[in-house]
>>> print(open('run.cif').read())   # mmCIF, C-alpha atoms
data_query
#
loop_
_atom_site.group_PDB
_atom_site.id
_atom_site.type_symbol
_atom_site.label_atom_id
_atom_site.label_comp_id
_atom_site.auth_asym_id
_atom_site.auth_seq_id
_atom_site.Cartn_x
_atom_site.Cartn_y
_atom_site.Cartn_z
ATOM 1 C CA MET P 10 -6.753 -29.002 -1.142
ATOM 2 C CA LYS P 11 -3.922 -27.433 -3.049
ATOM 3 C CA LYS P 12 -2.906 -25.511 0.064
ATOM 4 C CA ARG P 13 -2.694 -28.661 2.099
ATOM 5 C CA LEU P 14 -0.597 -30.430 -0.505
ATOM 6 C CA PHE P 15 1.845 -27.550 -0.546
ATOM 7 C CA ALA P 16 2.177 -27.543 3.228
ATOM 8 C CA ILE P 17 2.834 -31.249 3.175
ATOM 9 C CA ALA P 18 5.430 -30.845 0.459
ATOM 10 C CA ILE P 19 7.332 -28.367 2.627
ATOM 11 C CA ALA P 20 7.121 -30.558 5.698
ATOM 12 C CA ALA P 21 8.229 -33.619 3.743
ATOM 13 C CA ALA P 22 11.261 -31.829 2.398
ATOM 14 C CA GLY P 23 12.630 -31.893 5.934
ATOM 15 C CA ILE P 24 14.791 -28.859 5.359
ATOM 16 C CA PRO P 25 16.014 -27.226 8.572
ATOM 17 C CA LEU P 26 14.206 -23.952 9.057
ATOM 18 C CA LEU P 27 16.388 -20.905 8.892
ATOM 19 C CA ALA P 28 15.842 -17.955 11.172
ATOM 20 C CA GLY P 29 13.103 -16.059 9.445
ATOM 21 C CA ALA P 30 11.941 -19.060 7.475
ATOM 22 C CA GLN P 31 8.264 -19.058 6.906
ATOM 23 C CA GLN P 32 5.445 -20.951 5.365
ATOM 24 C CA PHE P 33 3.131 -19.792 2.643
ATOM 25 C CA SER P 34 -0.401 -20.917 2.101
ATOM 26 C CA LYS P 35 0.238 -21.613 -1.568
ATOM 27 C CA PRO P 36 3.193 -21.711 -3.989
ATOM 28 C CA GLU P 37 2.107 -18.565 -5.793
ATOM 29 C CA ASP P 38 2.375 -16.619 -2.539
ATOM 30 C CA ALA P 39 5.954 -17.785 -2.090
ATOM 31 C CA ILE P 40 6.736 -16.784 -5.674
ATOM 32 C CA LYS P 41 5.073 -13.408 -5.249
ATOM 33 C CA TYR P 42 6.898 -12.870 -1.966
ATOM 34 C CA ARG P 43 10.348 -13.363 -3.442
ATOM 35 C CA GLN P 44 9.488 -11.383 -6.570
ATOM 36 C CA SER P 45 8.090 -8.543 -4.463
ATOM 37 C CA SER P 46 11.173 -8.252 -2.313
ATOM 38 C CA LEU P 47 13.479 -8.477 -5.321
ATOM 39 C CA PHE P 48 11.462 -5.810 -7.125
ATOM 40 C CA ILE P 49 11.701 -3.420 -4.187
ATOM 41 C CA MET P 50 15.426 -4.063 -3.943
ATOM 42 C CA GLY P 51 15.793 -3.523 -7.674
ATOM 43 C CA GLN P 52 14.080 -0.161 -7.498
ATOM 44 C CA HIS P 53 16.416 1.050 -4.765
ATOM 45 C CA VAL P 54 19.482 -0.432 -6.410
ATOM 46 C CA GLY P 55 18.425 1.531 -9.477
ATOM 47 C CA LEU P 56 18.252 4.759 -7.469
ATOM 48 C CA LEU P 57 21.671 4.081 -5.963
ATOM 49 C CA GLY P 58 23.117 3.241 -9.348
ATOM 50 C CA ALA P 59 21.845 6.485 -10.795
ATOM 51 C CA MET P 60 23.591 8.387 -8.004
ATOM 52 C CA ALA P 61 26.778 6.323 -8.239
ATOM 53 C CA ASN P 62 26.926 6.850 -11.992
ATOM 54 C CA ASP P 63 26.123 10.561 -12.044
ATOM 55 C CA LYS P 64 22.704 10.116 -13.580
ATOM 56 C CA SER P 65 20.995 11.765 -10.643
ATOM 57 C CA PRO P 66 22.239 14.073 -7.881
ATOM 58 C CA PHE P 67 23.958 12.269 -5.011
ATOM 59 C CA ASP P 68 21.733 12.728 -1.998
ATOM 60 C CA PRO P 69 23.478 10.926 0.871
ATOM 61 C CA ALA P 70 20.356 10.766 3.067
ATOM 62 C CA GLN P 71 18.310 9.286 0.240
ATOM 63 C CA ALA P 72 21.169 6.976 -0.685
ATOM 64 C CA GLN P 73 21.468 5.722 2.862
ATOM 65 C CA ALA P 74 17.718 5.202 3.149
ATOM 66 C CA SER P 75 17.717 3.236 -0.100
ATOM 67 C CA ALA P 76 20.751 1.194 0.893
ATOM 68 C CA GLU P 77 19.138 0.287 4.211
ATOM 69 C CA ILE P 78 15.984 -0.825 2.424
ATOM 70 C CA VAL P 79 18.149 -2.947 0.137
ATOM 71 C CA GLN P 80 19.952 -4.364 3.163
ATOM 72 C CA THR P 81 16.732 -5.309 4.954
ATOM 73 C CA GLY P 82 15.076 -6.387 1.721
ATOM 74 C CA GLY P 83 18.064 -8.582 0.952
ATOM 75 C CA THR P 84 17.146 -10.883 3.816
ATOM 76 C CA LEU P 85 13.698 -11.643 2.407
ATOM 77 C CA PRO P 86 13.661 -13.262 -1.030
ATOM 78 C CA TRP P 87 15.355 -16.460 0.147
ATOM 79 C CA ASN P 88 12.408 -17.378 2.322
ATOM 80 C CA GLY P 89 10.272 -17.446 -0.788
ATOM 81 C CA PHE P 90 12.265 -20.196 -2.500
ATOM 82 C CA VAL P 91 10.549 -22.951 -0.570
ATOM 83 C CA PRO P 92 10.453 -26.435 -2.057
ATOM 84 C CA GLY P 93 7.441 -26.767 -4.321
ATOM 85 C CA SER P 94 7.528 -23.147 -5.409
ATOM 86 C CA ASP P 95 9.346 -23.860 -8.650
ATOM 87 C CA LYS P 96 5.930 -23.483 -10.256
ATOM 88 C CA GLY P 97 2.484 -22.140 -9.410
ATOM 89 C CA ALA P 98 2.923 -18.716 -10.994
ATOM 90 C CA PRO P 99 5.209 -17.304 -13.690
ATOM 91 C CA THR P 100 8.747 -17.457 -12.344
ATOM 92 C CA LYS P 101 12.253 -17.194 -13.713
ATOM 93 C CA ALA P 102 13.648 -19.266 -10.869
ATOM 94 C CA ARG P 103 15.787 -22.100 -12.233
ATOM 95 C CA ALA P 104 15.549 -25.649 -10.948
ATOM 96 C CA VAL P 105 19.172 -25.542 -9.792
ATOM 97 C CA ILE P 106 18.015 -23.455 -6.819
ATOM 98 C CA TRP P 107 16.491 -26.586 -5.357
ATOM 99 C CA THR P 108 18.904 -29.144 -6.760
ATOM 100 C CA ASP P 109 22.050 -27.331 -5.602
ATOM 101 C CA PRO P 110 21.035 -25.442 -2.456
ATOM 102 C CA GLY P 111 24.645 -25.127 -1.343
ATOM 103 C CA LYS P 112 25.536 -23.121 -4.416
ATOM 104 C CA PHE P 113 22.410 -21.006 -4.067
ATOM 105 C CA ASN P 114 23.180 -20.369 -0.432
ATOM 106 C CA ALA P 115 26.699 -19.254 -1.304
ATOM 107 C CA ALA P 116 25.256 -16.695 -3.722
ATOM 108 C CA LYS P 117 22.934 -15.490 -0.993
ATOM 109 C CA GLU P 118 25.769 -15.172 1.518
ATOM 110 C CA ARG P 119 27.846 -13.222 -0.965
ATOM 111 C CA LEU P 120 25.070 -10.681 -1.352
ATOM 112 C CA LEU P 121 24.395 -10.477 2.364
ATOM 113 C CA SER P 122 28.067 -9.838 3.053
ATOM 114 C CA VAL P 123 28.115 -6.921 0.636
ATOM 115 C CA LEU P 124 24.930 -5.103 1.642
ATOM 116 C CA PRO P 125 26.167 -3.736 4.986
ATOM 117 C CA LYS P 126 29.109 -2.216 3.100
ATOM 118 C CA LEU P 127 26.693 -0.593 0.691
ATOM 119 C CA ALA P 128 24.662 0.903 3.542
ATOM 120 C CA ALA P 129 27.814 2.174 5.260
ATOM 121 C CA ALA P 130 29.208 3.662 2.046
ATOM 122 C CA ALA P 131 25.969 5.364 1.058
ATOM 123 C CA GLY P 132 25.830 7.170 4.392
ATOM 124 C CA THR P 133 29.313 8.635 4.119
ATOM 125 C CA GLY P 134 28.371 10.974 1.305
ATOM 126 C CA ASP P 135 31.628 9.984 -0.407
ATOM 127 C CA LYS P 136 30.787 9.094 -3.962
ATOM 128 C CA ALA P 137 33.930 7.054 -4.508
ATOM 129 C CA GLN P 138 32.946 4.813 -1.611
ATOM 130 C CA LEU P 139 29.393 4.554 -2.893
ATOM 131 C CA ARG P 140 30.631 3.640 -6.341
ATOM 132 C CA GLN P 141 32.939 0.959 -4.975
ATOM 133 C CA ALA P 142 30.248 -0.636 -2.812
ATOM 134 C CA PHE P 143 27.687 -0.306 -5.569
ATOM 135 C CA GLY P 144 30.013 -2.163 -7.932
ATOM 136 C CA GLU P 145 30.376 -5.012 -5.446
ATOM 137 C CA THR P 146 26.618 -5.100 -4.935
ATOM 138 C CA GLY P 147 25.903 -5.227 -8.640
ATOM 139 C CA ALA P 148 28.408 -8.040 -9.049
ATOM 140 C CA ALA P 149 26.725 -10.018 -6.262
ATOM 141 C CA CYS P 150 23.312 -9.476 -7.866
ATOM 142 C CA LYS P 151 24.640 -10.569 -11.249
ATOM 143 C CA ASN P 152 26.416 -13.573 -9.773
ATOM 144 C CA CYS P 153 23.116 -14.910 -8.501
ATOM 145 C CA HIS P 154 21.046 -13.922 -11.529
ATOM 146 C CA ASP P 155 23.506 -15.538 -13.941
ATOM 147 C CA ASP P 156 23.172 -18.923 -12.333
ATOM 148 C CA PHE P 157 19.703 -18.979 -10.863
ATOM 149 C CA ARG P 158 17.462 -16.759 -12.948
ATOM 150 C CA ALA P 159 16.273 -17.803 -16.388
ATOM 151 C CA ARG P 160 16.741 -15.255 -19.122
ATOM 152 C CA MET V 17 8.326 9.309 -23.991
ATOM 153 C CA LYS V 18 5.930 7.898 -21.503
ATOM 154 C CA LYS V 19 8.690 7.942 -18.909
ATOM 155 C CA ARG V 20 9.391 11.578 -19.494
ATOM 156 C CA LEU V 21 5.743 12.547 -19.250
ATOM 157 C CA PHE V 22 5.486 10.750 -15.939
ATOM 158 C CA ALA V 23 8.536 12.507 -14.533
ATOM 159 C CA ILE V 24 7.098 15.825 -15.600
ATOM 160 C CA ALA V 25 3.766 15.003 -14.000
ATOM 161 C CA ILE V 26 5.503 14.393 -10.688
ATOM 162 C CA ALA V 27 7.534 17.554 -10.914
ATOM 163 C CA ALA V 28 4.521 19.615 -11.904
ATOM 164 C CA ALA V 29 2.523 18.361 -8.962
ATOM 165 C CA GLY V 30 4.906 20.318 -6.776
ATOM 166 C CA ILE V 31 4.305 18.090 -3.800
ATOM 167 C CA PRO V 32 6.957 18.439 -1.105
ATOM 168 C CA LEU V 33 9.133 15.357 -1.134
ATOM 169 C CA LEU V 34 8.994 13.331 2.026
ATOM 170 C CA ALA V 35 12.073 11.740 3.484
ATOM 171 C CA GLY V 36 12.431 8.559 1.522
ATOM 172 C CA ALA V 37 10.353 9.863 -1.354
ATOM 173 C CA GLN V 38 11.505 8.585 -4.652
ATOM 174 C CA GLN V 39 10.881 8.705 -8.333
ATOM 175 C CA PHE V 40 9.925 5.849 -10.571
ATOM 176 C CA SER V 41 10.680 5.549 -14.228
ATOM 177 C CA LYS V 42 7.058 4.721 -15.030
ATOM 178 C CA PRO V 43 3.690 4.606 -13.242
ATOM 179 C CA GLU V 44 3.537 0.818 -13.316
ATOM 180 C CA ASP V 45 6.759 0.660 -11.305
ATOM 181 C CA ALA V 46 5.235 2.888 -8.626
ATOM 182 C CA ILE V 47 2.133 0.686 -8.556
ATOM 183 C CA LYS V 48 4.200 -2.486 -8.379
ATOM 184 C CA TYR V 49 6.362 -0.971 -5.644
ATOM 185 C CA ARG V 50 3.462 -0.200 -3.339
ATOM 186 C CA GLN V 51 1.742 -3.496 -4.108
ATOM 187 C CA SER V 52 4.965 -5.404 -3.465
ATOM 188 C CA SER V 53 5.536 -3.818 -0.082
ATOM 189 C CA LEU V 54 1.901 -4.273 0.919
ATOM 190 C CA PHE V 55 2.021 -7.911 -0.156
ATOM 191 C CA ILE V 56 5.107 -8.602 1.943
ATOM 192 C CA MET V 57 3.504 -6.862 4.907
ATOM 193 C CA GLY V 58 0.320 -8.850 4.396
ATOM 194 C CA GLN V 59 2.201 -12.133 4.457
ATOM 195 C CA HIS V 60 3.860 -11.291 7.743
ATOM 196 C CA VAL V 61 0.683 -9.869 9.247
ATOM 197 C CA GLY V 62 -0.903 -13.182 8.327
ATOM 198 C CA LEU V 63 1.825 -15.106 10.155
ATOM 199 C CA LEU V 64 1.429 -12.879 13.211
ATOM 200 C CA GLY V 65 -2.334 -13.228 13.115
ATOM 201 C CA ALA V 66 -2.067 -17.001 13.032
ATOM 202 C CA MET V 67 0.101 -16.866 16.152
ATOM 203 C CA ALA V 68 -2.083 -14.302 17.899
ATOM 204 C CA ASN V 69 -5.187 -16.350 17.196
ATOM 205 C CA ASP V 70 -3.809 -19.770 18.126
ATOM 206 C CA LYS V 71 -3.750 -21.039 14.572
ATOM 207 C CA SER V 72 -0.025 -21.652 14.662
ATOM 208 C CA PRO V 73 2.449 -22.055 17.530
ATOM 209 C CA PHE V 74 3.621 -18.767 19.031
ATOM 210 C CA ASP V 75 7.295 -18.495 18.194
ATOM 211 C CA PRO V 76 8.463 -15.189 19.697
ATOM 212 C CA ALA V 77 11.642 -14.993 17.610
ATOM 213 C CA GLN V 78 9.697 -15.583 14.407
ATOM 214 C CA ALA V 79 6.990 -13.194 15.556
ATOM 215 C CA GLN V 80 9.508 -10.478 16.277
ATOM 216 C CA ALA V 81 11.244 -11.002 12.933
ATOM 217 C CA SER V 82 7.910 -10.757 11.135
ATOM 218 C CA ALA V 83 6.832 -7.694 13.120
ATOM 219 C CA GLU V 84 10.103 -5.952 12.299
ATOM 220 C CA ILE V 85 9.629 -6.691 8.621
ATOM 221 C CA VAL V 86 6.122 -5.251 8.875
ATOM 222 C CA GLN V 87 7.509 -2.191 10.650
ATOM 223 C CA THR V 88 10.158 -1.543 8.017
ATOM 224 C CA GLY V 89 7.819 -2.528 5.204
ATOM 225 C CA GLY V 90 5.221 -0.126 6.560
ATOM 226 C CA THR V 91 7.390 2.821 5.610
ATOM 227 C CA LEU V 92 7.484 1.856 1.936
ATOM 228 C CA PRO V 93 4.094 1.734 0.210
ATOM 229 C CA TRP V 94 3.431 5.449 0.596
ATOM 230 C CA ASN V 95 6.298 6.345 -1.691
ATOM 231 C CA GLY V 96 4.570 4.424 -4.448
ATOM 232 C CA PHE V 97 1.443 6.591 -4.435
ATOM 233 C CA VAL V 98 3.027 9.277 -6.551
ATOM 234 C CA PRO V 99 0.784 11.547 -8.589
ATOM 235 C CA GLY V 100 0.081 9.977 -11.955
ATOM 236 C CA SER V 101 0.166 6.436 -10.599
ATOM 237 C CA ASP V 102 -3.598 6.147 -10.301
ATOM 238 C CA LYS V 103 -3.372 4.159 -13.507
ATOM 239 C CA GLY V 104 -0.741 2.386 -15.604
ATOM 240 C CA ALA V 105 -1.279 -1.099 -14.185
ATOM 241 C CA PRO V 106 -4.161 -2.823 -12.407
ATOM 242 C CA THR V 107 -4.607 -1.073 -9.063
ATOM 243 C CA LYS V 108 -7.225 -0.902 -6.355
ATOM 244 C CA ALA V 109 -6.008 2.521 -5.233
ATOM 245 C CA ARG V 110 -8.928 4.940 -5.060
ATOM 246 C CA ALA V 111 -8.768 8.461 -6.443
ATOM 247 C CA VAL V 112 -9.333 9.933 -2.973
ATOM 248 C CA ILE V 113 -5.689 9.109 -2.188
ATOM 249 C CA TRP V 114 -4.688 11.969 -4.441
ATOM 250 C CA THR V 115 -7.686 14.240 -3.907
ATOM 251 C CA ASP V 116 -7.532 14.115 -0.096
ATOM 252 C CA PRO V 117 -3.863 13.591 0.757
ATOM 253 C CA GLY V 118 -4.383 14.858 4.308
ATOM 254 C CA LYS V 119 -6.799 12.069 5.062
ATOM 255 C CA PHE V 120 -4.536 9.507 3.419
ATOM 256 C CA ASN V 121 -1.587 10.780 5.388
ATOM 257 C CA ALA V 122 -3.539 10.461 8.637
ATOM 258 C CA ALA V 123 -4.234 6.818 7.821
ATOM 259 C CA LYS V 124 -0.554 6.316 7.150
ATOM 260 C CA GLU V 125 0.450 7.962 10.426
ATOM 261 C CA ARG V 126 -1.999 5.818 12.345
ATOM 262 C CA LEU V 127 -0.384 2.688 10.969
ATOM 263 C CA LEU V 128 3.138 3.944 11.546
ATOM 264 C CA SER V 129 2.317 4.757 15.177
ATOM 265 C CA VAL V 130 1.069 1.235 15.788
ATOM 266 C CA LEU V 131 3.833 -0.792 14.143
ATOM 267 C CA PRO V 132 6.551 -0.149 16.764
ATOM 268 C CA LYS V 133 4.114 -1.427 19.395
ATOM 269 C CA LEU V 134 3.572 -4.549 17.354
ATOM 270 C CA ALA V 135 7.311 -5.157 17.093
ATOM 271 C CA ALA V 136 7.783 -4.599 20.820
ATOM 272 C CA ALA V 137 4.863 -6.839 21.752
ATOM 273 C CA ALA V 138 5.922 -9.660 19.441
ATOM 274 C CA GLY V 139 9.342 -9.798 21.057
ATOM 275 C CA THR V 140 8.029 -10.154 24.613
ATOM 276 C CA GLY V 141 6.708 -13.633 24.024
ATOM 277 C CA ASP V 142 3.545 -12.597 25.890
ATOM 278 C CA LYS V 143 0.631 -13.643 23.753
ATOM 279 C CA ALA V 144 -1.803 -11.224 25.384
ATOM 280 C CA GLN V 145 0.444 -8.336 24.382
ATOM 281 C CA LEU V 146 0.825 -9.703 20.881
ATOM 282 C CA ARG V 147 -2.915 -10.092 20.558
ATOM 283 C CA GLN V 148 -3.542 -6.529 21.737
ATOM 284 C CA ALA V 149 -0.982 -5.008 19.372
ATOM 285 C CA PHE V 150 -2.115 -7.230 16.541
ATOM 286 C CA GLY V 151 -5.671 -6.008 17.028
ATOM 287 C CA GLU V 152 -4.540 -2.391 16.807
ATOM 288 C CA THR V 153 -2.506 -3.189 13.714
ATOM 289 C CA GLY V 154 -5.383 -4.908 11.986
ATOM 290 C CA ALA V 155 -7.632 -1.963 12.765
ATOM 291 C CA ALA V 156 -5.111 0.450 11.278
ATOM 292 C CA CYS V 157 -4.828 -1.704 8.138
ATOM 293 C CA LYS V 158 -8.599 -1.870 7.817
ATOM 294 C CA ASN V 159 -8.996 1.853 8.444
ATOM 295 C CA CYS V 160 -6.856 2.589 5.399
ATOM 296 C CA HIS V 161 -8.250 -0.173 3.209
ATOM 297 C CA ASP V 162 -11.846 0.848 3.913
ATOM 298 C CA ASP V 163 -11.314 4.346 2.602
ATOM 299 C CA PHE V 164 -8.574 4.028 0.052
ATOM 300 C CA ARG V 165 -8.723 0.586 -1.487
ATOM 301 C CA ALA V 166 -11.427 -0.379 -3.942
ATOM 302 C CA ARG V 167 -13.201 -3.639 -3.231
#
>>> encode(input="run.cif", output="structure tokens")
Amino acid sequence: MKKRLFAIAIAAAGIPLLAGAQQFSKPEDAIKYRQSSLFIMGQHVGLLGAMANDKSPFDPAQAQASAEIVQTGGTLPWNGFVPGSDKGAPTKARAVIWTDPGKFNAAKERLLSVLPKLAAAAGTGDKAQLRQAFGETGAACKNCHDDFRAR
Amino acid sequence: MKKRLFAIAIAAAGIPLLAGAQQFSKPEDAIKYRQSSLFIMGQHVGLLGAMANDKSPFDPAQAQASAEIVQTGGTLPWNGFVPGSDKGAPTKARAVIWTDPGKFNAAKERLLSVLPKLAAAAGTGDKAQLRQAFGETGAACKNCHDDFRAR
């Protein structure tokens, strides 16, 4: 019954489906989906940050692999912020995600515009380039977290 | 302290690092990493299964997008099964993963050999091909779960 209500809530919202948009059988799956993709990204951003900041050896192949996972992973969380998934499992997602989708989308686009640069920089083996792109990536992450993630 | 012990445990295991292998700051991160990637894969496998089995409309673009996420996602969980991550957070991973790595690796390779077929089939828009590749994918998932995941 809960599943059906959730499906109806999505349909009723009448939001145009994005490429890659998807349905979930229940709100907690949507929440888990976005948290899972963000966690994976966070792990790889952490690895890249350690290399960029001289806390671990700079391994360009590993850096590129991580940056590509972050780039692909960066396309996923957004699909999990479906209407009705503001609750159903513990979540730090703030209500403004659904009340100001234009602002949320701008934060998403900022990140997505940066991630290809990160992947390109990581593959060069040039630490200055990695550091620059990593800085931009971290700023895009923070930009979104500041506004849309509860502390 | 716990972090350091975990890092030492990995180093002491002396296992050759695979391409894409990575370290985690604590066992629970490794567990969460593999569970996160498997969850994302499971969601997309579910979407593909619904299309393959006439439970939702077959949308080739969506199917291909999902299959590509499954293909990329399929490379990730393995990195999370680092030695020492048999505990530290709730996990269904069975001890045989670490006691018989050859067998576990074979299960991994079986899945990885199937996923490109799934991605190719999903993009054709031919439901018979999708159904065939989906069947092989499901069998590869089950093959691994049967042996390596506790009920």
>>> resolve_selection(input="run.cif", expression="the PyMOL selection byres ((chain P) within 10 of (chain V))", output="ChimeraX atom specification")
/P:28-34,38-39,41-53,55-56,70-75,77-78,81-82,84-85
>>> atom_distance(input="run.cif", atom1="CA of Ala156 in chain V", atom2="CA of Arg126 in chain V")
6.3 Å
>>> closest_residue(input="run.cif", among="V:Ala111, V:Thr153, V:Leu146, V:Lys158", to="Leu128 in chain V", atoms="only C-alpha atoms")
V:Thr153
>>> residues_near_point(input="run.cif", point="(-1.0, -15.6, 16.1)", cutoff="12 Å", atoms="only C-alpha atoms", output="JSON, numbers by chain")
{"V": [60, 61, 62, 63, 64, 65, 66, 67, 68, 69, 70, 71, 72, 73, 74, 75, 76, 78, 79, 80, 82, 83, 137, 138, 141, 142, 143, 144, 145, 146, 147, 148, 149, 150, 151]}
>>> atom_distance(input="run.cif", atom1="CA of Lys119 in chain V", atom2="CA of Glu152 in chain V")
18.8 Å
>>> atom_distance(input="run.cif", atom1="CA of Ala109 in chain V", atom2="CA of Phe164 in chain V")
6.1 Å
>>> closest_residue(input="run.cif", among="P:Leu127, P:Ile40, P:Ile106, P:Ala115", to="Val79 in chain P", atoms="all atoms listed in the file")
P:Leu127
>>> closest_residue(input="run.cif", among="V:Val112, V:Ser101, V:Pro43, V:Gly96", to="Asp163 in chain V", atoms="all atoms listed in the file")
V:Val112
>>> resolve_selection(input="run.cif", expression="the PyMOL selection byres ((chain V and resi 166) around 9)", output="list in words")
Thr107, Lys108, Ala109, Arg110, His161, Asp162, Asp163, Phe164, Arg165 and Arg167 of chain V
>>> axis_aligned_box(input="run.cif", around="range 144-160 of chain V", padding_each_side="5 Å", output="AutoDock Vina command-line options")
--center_x -4.1 --center_y -4.3 --center_z 15.4 --size_x 19.8 --size_y 23.8 --size_z 30.0
>>> decode(input="run.cif", residues="range 62-69 of chain P", atoms="all heavy atoms", output="CSV table (one decimal), in the first residue's frame")
chain,number,residue,atom,x,y,z
P,62,ASN,N,46.8,16.6,-1.9
P,62,ASN,CA,47.3,17.3,-0.8
P,62,ASN,C,48.5,16.6,-0.1
P,62,ASN,O,48.8,16.7,1.1
P,62,ASN,CB,46.2,17.5,0.3
P,62,ASN,CG,45.1,18.4,-0.3
P,62,ASN,OD1,45.4,19.5,-0.9
P,62,ASN,ND2,43.8,18.0,-0.2
P,63,ASP,N,49.1,15.7,-0.9
P,63,ASP,CA,50.4,15.1,-0.5
P,63,ASP,C,50.2,14.2,0.7
P,63,ASP,O,51.2,14.0,1.5
P,63,ASP,CB,51.5,16.1,-0.2
P,63,ASP,CG,51.8,17.0,-1.5
P,63,ASP,OD1,51.8,16.4,-2.6
P,63,ASP,OD2,51.9,18.2,-1.3
P,64,LYS,N,49.0,13.7,0.9
P,64,LYS,CA,48.8,12.7,2.1
P,64,LYS,C,49.0,11.3,1.6
P,64,LYS,O,49.0,10.4,2.4
P,64,LYS,CB,47.5,13.0,2.8
P,64,LYS,CG,47.6,14.3,3.5
P,64,LYS,CD,46.3,14.7,4.2
P,64,LYS,CE,46.4,16.0,4.9
P,64,LYS,NZ,45.2,16.7,5.2
P,65,SER,N,49.0,11.1,0.3
P,65,SER,CA,49.3,9.7,-0.2
P,65,SER,C,50.0,9.9,-1.5
P,65,SER,O,49.9,11.0,-2.2
P,65,SER,CB,48.0,8.9,-0.3
P,65,SER,OG,47.2,9.3,-1.4
P,66,PRO,N,50.7,8.9,-2.0
P,66,PRO,CA,51.5,9.1,-3.2
P,66,PRO,C,50.5,9.3,-4.4
P,66,PRO,O,49.4,8.7,-4.5
P,66,PRO,CB,52.2,7.7,-3.4
P,66,PRO,CG,52.1,7.1,-2.0
P,66,PRO,CD,50.9,7.6,-1.4
P,67,PHE,N,50.9,10.2,-5.3
P,67,PHE,CA,50.1,10.5,-6.5
P,67,PHE,C,50.3,9.3,-7.5
P,67,PHE,O,51.3,9.2,-8.1
P,67,PHE,CB,50.5,11.8,-7.1
P,67,PHE,CG,49.7,12.3,-8.3
P,67,PHE,CD1,48.5,11.8,-8.5
P,67,PHE,CD2,50.2,13.2,-9.1
P,67,PHE,CE1,47.7,12.2,-9.6
P,67,PHE,CE2,49.5,13.7,-10.2
P,67,PHE,CZ,48.2,13.1,-10.5
P,68,ASP,N,49.2,8.6,-7.7
P,68,ASP,CA,49.2,7.5,-8.6
P,68,ASP,C,48.2,7.9,-9.7
P,68,ASP,O,47.0,7.8,-9.5
P,68,ASP,CB,48.8,6.2,-7.9
P,68,ASP,CG,48.6,5.0,-8.9
P,68,ASP,OD1,48.4,5.3,-10.1
P,68,ASP,OD2,48.6,3.9,-8.4
P,69,PRO,N,48.8,8.4,-10.9
P,69,PRO,CA,47.9,8.9,-11.9
P,69,PRO,C,46.8,7.9,-12.4
P,69,PRO,O,45.7,8.3,-12.6
P,69,PRO,CB,48.8,9.3,-13.0
P,69,PRO,CG,50.1,9.6,-12.4
P,69,PRO,CD,50.2,8.6,-11.2
